[in-house]
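> So here's protein.txt, just compact mmCIF, C-alpha atoms and all ligand atoms:
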# COMPACT_ATOMS: atom_id res chain seq x y z
CA MET M 628 -35.53 5.51 1.56
CA LYS M 629 -33.04 6.90 4.05
CA LYS M 630 -30.27 6.08 1.61
CA MET M 631 -31.98 7.94 -1.24
CA LEU M 632 -32.38 11.02 0.93
CA LEU M 633 -28.72 10.86 1.81
CA LEU M 634 -27.72 10.63 -1.82
CA VAL M 635 -29.87 13.64 -2.68
CA PHE M 636 -28.17 15.51 0.14
CA ILE M 637 -24.74 14.49 -1.11
CA CYS M 638 -25.61 15.43 -4.68
CA THR M 639 -26.69 18.92 -3.80
CA GLY M 640 -24.63 19.65 -0.73
CA LEU M 641 -21.20 20.19 -2.19
CA ASN M 642 -18.92 21.94 -4.54
CA ALA M 643 -16.21 23.90 -2.88
CA SER M 644 -15.69 27.38 -4.29
CA PRO M 645 -13.98 26.58 -7.58
CA GLN M 646 -13.07 30.12 -8.65
CA LYS M 647 -9.93 29.28 -10.55
CA LEU M 648 -11.07 26.35 -12.65
CA SER M 649 -11.39 26.33 -16.43
CA ALA M 650 -14.74 25.79 -18.14
CA THR M 651 -13.83 22.16 -18.83
CA GLU M 652 -12.81 21.63 -15.22
CA LYS M 653 -16.11 23.07 -14.02
CA LYS M 654 -17.89 20.67 -16.36
CA ILE M 655 -15.94 17.81 -14.77
CA LEU M 656 -17.11 18.83 -11.28
CA ASP M 657 -20.72 18.94 -12.43
CA ALA M 658 -20.39 15.55 -14.07
CA VAL M 659 -19.05 14.06 -10.81
CA ASN M 660 -22.07 15.40 -8.96
CA LYS M 661 -24.56 14.24 -11.58
CA GLN M 662 -23.32 10.69 -11.55
CA LEU M 663 -23.04 10.36 -7.74
CA PRO M 664 -26.08 8.09 -7.28
CA GLN M 665 -24.57 5.66 -9.80
CA THR M 666 -21.13 5.98 -8.14
CA PHE M 667 -22.55 5.01 -4.75
CA LYS M 668 -24.55 2.19 -6.33
CA THR M 669 -21.38 0.73 -7.86
CA LEU M 670 -19.55 1.15 -4.56
CA GLU M 671 -22.31 -0.68 -2.68
CA GLU M 672 -22.35 -3.46 -5.23
CA ILE M 673 -18.60 -3.99 -5.05
CA VAL M 674 -18.36 -3.72 -1.27
CA ASN M 675 -21.00 -6.44 -0.98
CA ILE M 676 -18.89 -8.91 -2.96
CA ASN M 677 -16.38 -10.57 -0.65
CA SER M 678 -12.96 -10.13 -2.21
CA GLY M 679 -10.49 -11.36 0.41
CA THR M 680 -7.15 -11.81 -1.36
CA MET M 681 -7.46 -15.61 -1.43
CA ASN M 682 -11.08 -15.51 -2.66
CA VAL M 683 -10.19 -15.62 -6.34
CA ALA M 684 -13.81 -15.74 -7.54
CA GLY M 685 -14.73 -12.70 -5.41
CA VAL M 686 -11.78 -10.60 -6.54
CA ARG M 687 -12.61 -11.46 -10.16
CA ALA M 688 -16.33 -10.68 -9.67
CA SER M 689 -15.66 -7.22 -8.26
CA GLY M 690 -13.11 -6.62 -10.99
CA GLU M 691 -15.62 -7.64 -13.68
CA ILE M 692 -18.07 -4.94 -12.58
CA LEU M 693 -15.34 -2.35 -12.99
CA ARG M 694 -14.14 -3.85 -16.26
CA THR M 695 -17.58 -3.36 -17.82
CA ALA M 696 -17.70 0.22 -16.58
CA PHE M 697 -14.23 1.07 -17.90
CA GLU M 698 -15.05 -0.45 -21.29
CA LYS M 699 -18.13 1.79 -21.49
CA ILE M 700 -15.93 4.90 -21.45
CA GLY M 701 -13.51 3.66 -24.08
CA PHE M 702 -10.92 1.69 -22.12
CA VAL M 703 -9.62 -1.70 -23.19
CA ALA M 704 -9.51 -3.96 -20.14
CA GLU M 705 -7.78 -7.29 -19.51
CA TRP M 706 -6.79 -9.54 -16.64
CA ILE M 707 -3.09 -10.07 -16.06
CA LYS M 708 -3.11 -13.69 -14.91
CA MET M 709 -0.75 -15.13 -12.32
CA PRO M 710 0.78 -18.62 -12.47
CA ASP M 711 -1.52 -21.28 -10.90
CA SER M 712 0.93 -21.85 -8.05
CA ILE M 713 0.26 -18.34 -6.71
CA LYS M 714 -3.52 -18.90 -6.27
CA THR M 715 -4.62 -15.26 -6.56
CA ALA M 716 -6.95 -13.60 -9.07
CA GLY M 717 -4.34 -11.59 -10.96
CA HIS M 718 -4.73 -7.90 -11.79
CA LEU M 719 -7.31 -5.99 -13.83
CA VAL M 720 -5.69 -3.50 -16.20
CA ALA M 721 -7.73 -0.97 -18.19
CA THR M 722 -5.97 1.10 -20.83
CA LYS M 723 -6.95 4.15 -22.83
CA LYS M 724 -4.53 5.42 -25.43
CA GLY M 725 -4.82 9.04 -26.52
CA GLY M 726 -2.83 11.38 -28.69
CA LYS M 727 -0.70 13.92 -26.93
CA GLY M 728 -1.44 13.47 -23.28
CA LYS M 729 1.04 12.61 -20.59
CA LYS M 730 1.03 8.88 -19.81
CA ILE M 731 -0.61 8.37 -16.44
CA LEU M 732 -0.62 5.14 -14.44
CA MET M 733 -3.36 4.92 -11.79
CA LEU M 734 -3.21 2.29 -9.02
CA ALA M 735 -5.79 0.89 -6.63
CA HIS M 736 -6.54 -2.65 -5.44
CA LEU M 737 -9.46 -5.06 -5.66
CA ASP M 738 -8.67 -7.37 -2.73
CA THR M 739 -9.33 -6.83 0.98
CA VAL M 740 -8.04 -8.46 4.18
CA PHE M 741 -11.48 -9.97 4.83
CA GLU M 742 -11.70 -13.58 3.66
CA PRO M 743 -15.12 -15.30 3.29
CA ASP M 744 -14.82 -17.17 6.63
CA MET M 745 -14.60 -13.88 8.54
CA PRO M 746 -17.76 -12.07 9.75
CA SER M 747 -19.37 -10.10 6.93
CA ASN M 748 -20.06 -6.34 7.05
CA PRO M 749 -22.39 -5.35 4.22
CA PHE M 750 -22.49 -1.78 2.86
CA ARG M 751 -24.46 0.37 5.26
CA ILE M 752 -24.99 4.09 5.66
CA ILE M 753 -24.37 5.11 9.27
CA ASN M 754 -25.12 8.84 9.11
CA ASP M 755 -24.99 11.76 6.67
CA SER M 756 -21.21 11.58 6.36
CA THR M 757 -20.32 7.95 7.07
CA ALA M 758 -20.79 4.58 5.42
CA THR M 759 -19.31 1.22 6.40
CA GLY M 760 -18.57 -2.05 4.61
CA GLN M 761 -15.69 -4.44 3.96
CA GLY M 762 -12.98 -2.69 2.01
CA ILE M 763 -15.05 0.49 1.57
CA LEU M 764 -11.98 2.51 2.52
CA ASP M 765 -9.18 0.05 1.70
CA ASP M 766 -9.47 0.03 -1.19
CA LYS M 767 -12.79 -0.51 -2.99
CA GLY M 768 -13.59 3.14 -2.42
CA GLY M 769 -10.28 3.90 -4.16
CA ALA M 770 -11.05 1.74 -7.19
CA VAL M 771 -14.53 3.26 -7.56
CA LEU M 772 -13.09 6.76 -7.09
CA VAL M 773 -10.75 6.16 -10.04
CA LEU M 774 -13.67 4.98 -12.16
CA ALA M 775 -15.90 7.90 -11.14
CA ALA M 776 -13.18 10.47 -11.88
CA LEU M 777 -12.58 9.03 -15.36
CA GLU M 778 -16.32 8.75 -16.06
CA ALA M 779 -16.74 12.43 -15.17
CA MET M 780 -13.85 13.37 -17.47
CA HIS M 781 -15.50 11.32 -20.20
CA GLN M 782 -18.83 13.09 -19.68
CA ALA M 783 -17.10 16.47 -19.79
CA GLY M 784 -15.24 15.61 -23.00
CA ALA M 785 -11.93 15.77 -21.14
CA LEU M 786 -10.79 12.20 -21.71
CA LYS M 787 -10.24 12.32 -25.47
CA ASP M 788 -6.49 12.94 -25.49
CA ALA M 789 -5.75 11.09 -22.29
CA ASN M 790 -3.20 8.28 -22.09
CA ILE M 791 -4.24 6.39 -18.99
CA THR M 792 -3.63 2.93 -17.58
CA VAL M 793 -5.69 1.90 -14.57
CA TYR M 794 -3.97 -0.92 -12.70
CA LEU M 795 -6.12 -2.69 -10.10
CA THR M 796 -4.07 -5.30 -8.26
CA GLY M 797 -5.71 -8.39 -6.79
CA ASP M 798 -3.20 -9.20 -4.06
CA GLU M 799 -2.12 -5.94 -2.42
CA GLU M 800 -3.07 -7.11 1.06
CA ILE M 801 -0.53 -9.93 1.03
CA GLY M 802 2.15 -7.60 -0.30
CA GLY M 803 1.94 -9.27 -3.72
CA MET M 804 4.14 -12.16 -2.60
CA PRO M 805 6.21 -13.31 -4.42
CA SER M 806 6.68 -9.82 -5.78
CA VAL M 807 9.29 -10.77 -8.40
CA VAL M 808 6.46 -12.56 -10.19
CA THR M 809 3.37 -10.55 -9.22
CA ARG M 810 4.84 -7.06 -9.70
CA ALA M 811 6.94 -7.70 -12.83
CA ASP M 812 4.16 -6.50 -15.16
CA VAL M 813 3.32 -3.30 -13.27
CA ILE M 814 7.03 -2.42 -13.09
CA GLU M 815 7.29 -2.86 -16.88
CA LYS M 816 4.21 -0.66 -17.37
CA ALA M 817 5.54 1.97 -14.96
CA LYS M 818 8.63 2.33 -17.14
CA GLN M 819 6.34 3.19 -20.08
CA HIS M 820 4.43 5.93 -18.22
CA ASP M 821 5.28 9.46 -17.08
CA VAL M 822 3.64 9.61 -13.65
CA ALA M 823 1.91 7.22 -11.25
CA LEU M 824 -0.98 8.09 -8.94
CA SER M 825 -2.10 5.72 -6.21
CA PHE M 826 -5.57 5.75 -4.74
CA GLU M 827 -5.05 4.18 -1.33
CA GLY M 828 -6.74 5.86 1.64
CA GLY M 829 -6.48 9.62 1.47
CA GLN M 830 -7.44 12.94 2.95
CA ILE M 831 -8.35 16.23 1.32
CA ASN M 832 -5.42 18.00 2.96
CA LYS M 833 -2.74 15.29 3.07
CA VAL M 834 -1.03 13.13 0.44
CA THR M 835 1.79 10.63 0.51
CA THR M 836 5.07 11.38 -1.25
CA THR M 837 7.20 8.89 0.69
CA ARG M 838 6.54 5.48 2.18
CA ARG M 839 8.83 3.26 4.15
CA GLY M 840 9.67 -0.17 2.78
CA ALA M 841 9.67 -3.37 4.82
CA ASP M 842 11.98 -6.40 4.71
CA ASN M 843 12.39 -9.24 7.14
CA TRP M 844 15.45 -10.83 8.62
CA ARG M 845 16.42 -13.98 10.41
CA LEU M 846 19.34 -14.13 12.81
CA PHE M 847 21.03 -17.51 13.39
CA VAL M 848 23.32 -17.80 16.40
CA TYR M 849 25.44 -20.84 17.29
CA GLY M 850 27.12 -21.85 20.57
CA LYS M 851 28.54 -25.01 22.13
CA GLN M 852 26.14 -27.39 23.83
CA ALA M 853 27.58 -28.07 27.32
CA HIS M 854 26.68 -28.35 31.00
CA SER M 855 25.30 -25.06 32.29
CA SER M 856 27.77 -25.03 35.18
CA GLY M 857 30.58 -24.19 32.74
CA VAL M 858 28.95 -21.17 31.17
CA PHE M 859 31.24 -18.11 30.76
CA SER M 860 34.33 -20.38 30.73
CA GLU M 861 36.74 -20.38 27.82
CA LYS M 862 35.91 -24.03 27.10
CA ALA M 863 32.09 -23.93 27.17
CA GLY M 864 31.61 -20.36 26.07
CA PHE M 865 28.56 -18.13 26.61
CA GLY M 866 26.05 -20.06 24.53
CA ALA M 867 23.80 -19.00 21.68
CA ILE M 868 21.16 -17.22 23.75
CA TYR M 869 23.52 -14.74 25.45
CA GLU M 870 25.10 -13.99 22.08
CA ALA M 871 21.71 -13.46 20.43
CA VAL M 872 20.73 -11.12 23.27
CA ARG M 873 23.97 -9.18 22.76
CA ILE M 874 23.24 -8.82 19.06
CA VAL M 875 19.59 -7.81 19.41
CA ASP M 876 20.38 -5.34 22.15
CA SER M 877 23.23 -3.88 20.07
CA PHE M 878 20.74 -3.33 17.25
CA ARG M 879 18.59 -1.37 19.70
CA THR M 880 21.35 0.68 21.31
CA GLY M 881 23.28 1.25 18.08
CA LEU M 882 20.62 1.84 15.46
CA SER M 883 17.31 2.85 17.06
CA ALA M 884 18.02 6.59 16.85
CA ILE M 885 18.44 6.57 13.06
CA PRO M 886 15.58 8.64 11.56
CA TYR M 887 12.76 6.71 9.84
CA LEU M 888 14.35 3.35 10.70
CA THR M 889 12.61 0.73 12.83
CA PHE M 890 13.39 -2.95 13.34
CA ASN M 891 11.61 -5.36 15.60
CA PRO M 892 12.51 -8.86 16.76
CA GLY M 893 9.14 -10.61 16.64
CA VAL M 894 10.22 -14.15 17.56
CA PHE M 895 13.19 -15.21 19.72
CA ALA M 896 13.82 -18.96 20.07
CA GLY M 897 16.88 -20.55 21.66
CA GLY M 898 17.83 -23.98 23.04
CA THR M 899 19.62 -27.15 22.04
CA THR M 900 17.49 -27.77 18.97
CA VAL M 901 15.82 -25.08 16.91
CA ILE M 902 13.83 -26.17 13.86
CA ASP M 903 13.29 -23.30 11.45
CA SER M 904 10.56 -23.31 8.85
CA VAL M 905 9.35 -20.56 6.55
CA ASP M 906 6.97 -18.86 8.95
CA ASN M 907 7.63 -20.41 12.34
CA VAL M 908 10.22 -21.90 14.66
CA LYS M 909 10.13 -24.91 17.01
CA VAL M 910 12.49 -25.10 19.94
CA TYR M 911 13.71 -27.69 22.49
CA GLY M 912 16.14 -27.20 25.35
CA LYS M 913 16.79 -27.65 29.07
CA ASP M 914 17.49 -25.21 31.85
CA ASN M 915 20.79 -26.92 32.71
CA ILE M 916 22.22 -27.05 29.19
CA ILE M 917 24.01 -24.18 27.45
CA ALA M 918 22.02 -23.27 24.35
CA SER M 919 23.68 -24.29 21.10
CA LYS M 920 21.32 -22.50 18.75
CA THR M 921 19.12 -19.41 18.69
CA THR M 922 16.97 -18.04 15.91
CA VAL M 923 15.48 -14.54 15.96
CA MET M 924 12.92 -13.44 13.37
CA GLY M 925 12.22 -9.77 12.79
CA ASP M 926 11.37 -7.02 10.33
CA VAL M 927 13.07 -3.80 9.34
CA ARG M 928 11.35 -0.69 7.93
CA PHE M 929 13.36 1.90 6.09
CA LEU M 930 13.06 5.03 3.95
CA GLY M 931 14.79 4.90 0.57
CA GLU M 932 16.99 2.25 -1.01
CA LYS M 933 20.13 3.91 0.36
CA GLN M 934 18.98 3.46 3.94
CA ARG M 935 17.92 -0.09 3.13
CA ALA M 936 21.47 -0.97 2.04
CA GLU M 937 23.13 0.95 4.87
CA VAL M 938 21.14 -0.68 7.64
CA ARG M 939 21.91 -4.14 6.31
CA THR M 940 25.63 -3.38 6.51
CA LEU M 941 25.31 -1.99 10.04
CA MET M 942 23.32 -4.99 11.26
CA LYS M 943 25.76 -7.43 9.63
CA ASN M 944 28.69 -5.70 11.37
CA ILE M 945 27.05 -6.16 14.75
CA VAL M 946 26.31 -9.82 13.95
CA MET M 947 29.78 -10.68 12.66
CA ASN M 948 32.00 -8.79 15.12
CA ASN M 949 32.70 -9.02 18.85
CA ASN M 950 30.95 -12.37 19.24
CA LEU M 951 30.95 -13.71 22.79
CA THR M 952 33.34 -16.57 23.56
CA GLY M 953 32.43 -19.83 21.84
CA THR M 954 29.72 -18.35 19.61
CA SER M 955 29.20 -17.33 16.00
CA ALA M 956 26.29 -15.76 14.12
CA GLU M 957 24.90 -14.90 10.72
CA ILE M 958 21.93 -12.84 9.51
CA VAL M 959 19.84 -13.34 6.38
CA PHE M 960 17.67 -10.57 4.88
CA ASN M 961 14.63 -11.26 2.71
CA ASP M 962 13.34 -8.56 0.39
CA GLY M 963 9.81 -7.52 1.24
CA ILE M 964 8.28 -4.31 -0.09
CA PRO M 965 10.64 -1.61 -1.36
CA SER M 966 10.45 1.95 -0.15
CA MET M 967 8.94 4.98 -1.85
CA GLY M 968 11.91 7.18 -1.11
CA PRO M 969 11.96 10.99 -1.25
CA LYS M 970 12.26 12.11 -4.90
CA GLU M 971 12.17 15.38 -6.82
CA GLY M 972 9.42 14.11 -9.17
CA ASN M 973 7.17 13.18 -6.25
CA LYS M 974 7.64 16.66 -4.83
CA LYS M 975 6.55 18.19 -8.16
CA LEU M 976 3.38 16.12 -8.14
CA PHE M 977 2.81 17.29 -4.58
CA LEU M 978 3.07 20.92 -5.73
CA GLU M 979 0.65 20.23 -8.60
CA ILE M 980 -2.00 18.75 -6.32
CA ASN M 981 -1.57 21.69 -3.99
CA LYS M 982 -2.44 23.93 -6.91
CA VAL M 983 -5.54 21.86 -7.70
CA ASN M 984 -6.61 22.06 -4.05
CA ALA M 985 -6.08 25.83 -4.02
CA ASP M 986 -7.99 26.34 -7.28
CA MET M 987 -10.88 24.24 -5.98
CA GLY M 988 -10.92 26.17 -2.68
CA LEU M 989 -10.04 23.06 -0.69
CA GLY M 990 -7.11 24.48 1.32
CA ALA M 991 -3.44 23.49 1.37
CA VAL M 992 -2.15 19.92 1.14
CA LEU M 993 0.58 18.60 3.44
CA GLU M 994 2.81 15.56 3.05
CA ASN M 995 2.18 12.55 5.29
CA ASP M 996 4.95 11.62 7.67
CA PRO M 997 6.46 8.38 6.28
CA MET M 998 6.40 6.97 9.83
CA GLU M 999 2.60 7.02 9.65
CA ARG M 1000 2.31 5.09 6.40
CA GLY M 1001 2.77 1.37 5.85
CA ALA M 1002 4.09 -0.18 2.69
CA GLY M 1003 1.90 -0.11 -0.44
CA ASP M 1004 1.75 -1.12 -4.09
CA ILE M 1005 3.15 2.23 -5.23
CA SER M 1006 6.44 1.29 -3.55
CA PHE M 1007 7.17 -1.38 -6.18
CA ILE M 1008 7.31 1.24 -8.93
CA ALA M 1009 8.52 4.28 -6.98
CA ASP M 1010 12.09 3.85 -8.18
CA TYR M 1011 11.08 4.09 -11.85
CA ILE M 1012 8.60 6.96 -12.08
CA PRO M 1013 7.47 10.12 -10.24
CA CYS M 1014 4.57 9.12 -8.02
CA ILE M 1015 2.16 10.18 -5.32
CA ASP M 1016 -0.16 8.19 -3.07
CA GLY M 1017 -3.00 8.83 -0.65
CA LEU M 1018 -5.42 10.07 -3.32
CA GLY M 1019 -8.14 7.59 -2.35
CA PRO M 1020 -11.16 7.96 -0.08
CA SER M 1021 -10.97 9.24 3.49
CA GLY M 1022 -12.23 7.28 6.48
CA THR M 1023 -11.23 5.24 9.50
CA GLY M 1024 -10.38 1.71 10.61
CA SER M 1025 -8.94 0.05 7.52
CA HIS M 1026 -8.34 -3.70 8.09
CA ALA M 1027 -10.81 -3.57 11.04
CA PRO M 1028 -14.38 -4.96 11.05
CA GLY M 1029 -16.07 -1.53 11.29
CA GLU M 1030 -14.09 0.17 8.50
CA THR M 1031 -15.76 3.43 7.46
CA MET M 1032 -15.61 5.90 4.60
CA ASN M 1033 -16.41 9.61 4.72
CA THR M 1034 -19.24 9.98 2.18
CA LYS M 1035 -19.24 13.79 2.35
CA GLN M 1036 -15.60 14.12 1.35
CA TYR M 1037 -15.80 11.35 -1.25
CA PRO M 1038 -17.33 13.48 -4.03
CA LEU M 1039 -14.74 16.20 -3.42
CA LEU M 1040 -11.94 13.63 -3.63
CA ILE M 1041 -13.39 12.31 -6.91
CA GLN M 1042 -13.57 15.84 -8.27
CA ARG M 1043 -10.04 16.64 -7.17
CA ALA M 1044 -8.69 13.44 -8.72
CA ALA M 1045 -10.45 14.19 -12.01
CA VAL M 1046 -9.11 17.75 -12.23
CA PHE M 1047 -5.62 16.55 -11.24
CA ILE M 1048 -5.63 13.83 -13.92
CA TYR M 1049 -6.98 16.23 -16.51
CA ARG M 1050 -4.30 18.82 -15.79
CA LEU M 1051 -1.46 16.29 -15.70
CA GLY M 1052 -2.66 14.84 -18.98
CA ILE M 1053 -2.50 18.11 -20.87
CA LYS M 1054 0.65 19.41 -19.20
CA LYS M 1055 3.82 19.37 -21.32
CA ASP M 1056 6.23 18.77 -18.49
CA LEU M 1057 5.70 18.04 -14.88
ZN ZN M 1101 -4.90 -0.89 0.65
What would the structure in this file look like if it were written as structure tokens?

Amino acid sequence: MKKMLLLVFICTGLNASPQKLSATEKKILDAVNKQLPQTFKTLEEIVNINSGTMNVAGVRASGEILRTAFEKIGFVAEWIKMPDSIKTAGHLVATKKGGKGKKILMLAHLDTVFEPDMPSNPFRIINDSTATGQGILDDKGGAVLVLAALEAMHQAGALKDANITVYLTGDEEIGGMPSVVTRADVIEKAKQHDVALSFEGGQINKVTTTRRGADNWRLFVYGKQAHSSGVFSEKAGFGAIYEAVRIVDSFRTGLSAIPYLTFNPGVFAGGTTVIDSVDNVKVYGKDNIIASKTTVMGDVRFLGEKQRAEVRTLMKNIVMNNNLTGTSAEIVFNDGIPSMGPKEGNKKLFLEINKVNADMGLGAVLENDPMERGAGDISFIADYIPCIDGLGPSGTGSHAPGETMNTKQYPLLIQRAAVFIYRLGIKKDL
């Protein structure tokens, strides 16, 4: 009963002051409000299905609910399957082809970080502006927001000419590894669209136009195994640990002031034997033997592909030059998630959404600081198409057990998304 009362409150308690909207846009806002009880019902249903990335059946089940709903409003939906070796659910893609509209790619994801063996957190309303549940913010609320915005456009007769592809990934929370396989299809689709909008966690007055990318690196350092009493001598050398310390500290002193760049050594292992495997390192050694090998594992986060290339060169220079006596070193970089670098097209989308906000009476929109945003699915396509992220629901604590979503702002964010999509669709150029 409490929930019903809340929904009634939500249904009647909003609408900014939309002075500058067209008749169709006003119809869209009304349609969002009218369908809110159904929107929250779908959200509850999907949140209550566990869809941890590795829970293939759960990801598929939540996707199937959305597939049915998208088909009802004229989309053609299909699963993009992954090879068996990858063991994830694949991606749900719903497409609507129109006549003249701009081609819009919309992204959200079906999976969450919560696997079935972790404590459950069913959908629950906490107060008149907050609900909790696994993935309610990241990113089931985003997927349902996309659906609700398109349903409202459909109700208002504003979807007819739209060319829209909704792309709901099933493995965002593991970074889509290996991305050469899992992101090949979305990259192809991005090239066939005009703009991309991503519905990861958002705010009414902030969007994301840039995101840092993330790679990892492994540093291998070699020295001569010898009695510790000879350390620093020409014959025995300094050993692999001193050299690795020199390198890591030179990274810090030489590169840590570069804007938007961070790099962190997460594991540092040195001794006489270091056994490296994909995700860990085993080490043996003695306090009276000069270390012959050291491995350091770390990440590097960067803004834009130019910075990505530059930092690799700088780090390699430190690794290859000025090695301490009797040592040598090499560094290997592994591609992780690319960066959503600053781009003119993204800026134009930012200006467009500012206009929507202003016309809806929602106040100005600012750009998120890239330092505050992690990597996301949008990054894989950011090099190919103008894009913007942070259009999803607002809330707190994503990836944490008590994750919440702001239920008061949610309808406004659905309305804003719908008006934004509608305007982009009928716009000739960006
Ligand atoms: Zn997410």
> Could you list, as a list in words, every residue within 7 Å of range 664-672 of chain M, counting all atoms listed in the file and ignoring same-chain residues fewer than 4 positions away?
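Selected residues are Leu634, Ile676, Phe750, Gly768, Val771 and Ala775 of chain M.
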> So, with all atoms listed in the file as the atoms that count, which of M:Lys699, M:Lys767, M:Lys920, M:Lys730 lies closest to Leu824 in chain M?
M:Lys730
> Skipping near chain neighbours, those fewer than 2 positions away, what residues fall within 7 Å of range 922-925 of chain M using all atoms listed in the file, listed as a list in words?
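Listing them by chain and then by number gives Asn843, Trp844, Arg845, Leu846, Phe847, Val848, Phe890, Asn891, Pro892, Gly893, Val894, Phe895, Ala896, Gly897, Lys920 and Val927 of chain M.
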> Name all residues at most 7 Å from range 799-802 of chain M (count only C-alpha atoms; drop same-chain ones fewer than 6 positions away) and give them as a compact mmCIF listing (two decimals) with C-alpha atoms, in the coordinates of the input.

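Result file result.txt:
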# COMPACT_ATOMS: atom_id res chain seq x y z
CA THR M 680 -7.15 -11.81 -1.36
CA HIS M 736 -6.54 -2.65 -5.44
CA ASP M 738 -8.67 -7.37 -2.73
CA THR M 739 -9.33 -6.83 0.98
CA VAL M 740 -8.04 -8.46 4.18
CA ILE M 964 8.28 -4.31 -0.09
CA ASP M 1004 1.75 -1.12 -4.09
> Quick one: of M:Asn677, M:Ser1025, M:Thr900, M:Thr889, who's nearest to ligand ZN 1101 (chain M), counting all atoms listed in the file?
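Using all atoms listed in the file, the shortest distance to ligand ZN 1101 (chain M) belongs to M:Ser1025.
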> Per residue of chain M within 6 Å of ligand ZN 1101 (chain M), record the nearest atom pair and its distance in Å to one decimal, counting only C-alpha atoms and all ligand atoms, with rows in chain order and ascending residue number, as a Markdown table.

| residue | atom | partner | partner_atom | distance |
| --- | --- | --- | --- | --- |
| M:Asp765 | CA | M:ZN1101 | ZN | 4.5 |
| M:Asp766 | CA | M:ZN1101 | ZN | 5.0 |
| M:Glu827 | CA | M:ZN1101 | ZN | 5.4 |
> Mind giving me the straight-line distance from CA of Pro805 in chain M to CA of Ile763 in chain M in Å, one decimal?
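We find that CA of Pro805 in chain M and CA of Ile763 in chain M lie 26.0 Å from each other.
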> Please list as a list in words every residue within 6 Å of range 972-981 of chain M, counting only C-alpha atoms and excluding residues in the same chain fewer than 3 positions away.
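The neighbour list is Thr836, Asn984, Ala991, Val992, Pro1013, Cys1014 and Ile1015 of chain M.
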> Determine the nearest neighbour of Val720 in chain M from the options M:Lys818, M:Tyr794, M:Leu764, M:Ala779, counting only C-alpha atoms.
M:Tyr794
> What is the CA of Met780 in chain M to CA of Ala716 in chain M distance in Å?
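Answer for the CA of Met780 in chain M to CA of Ala716 in chain M separation: 29.1 Å.
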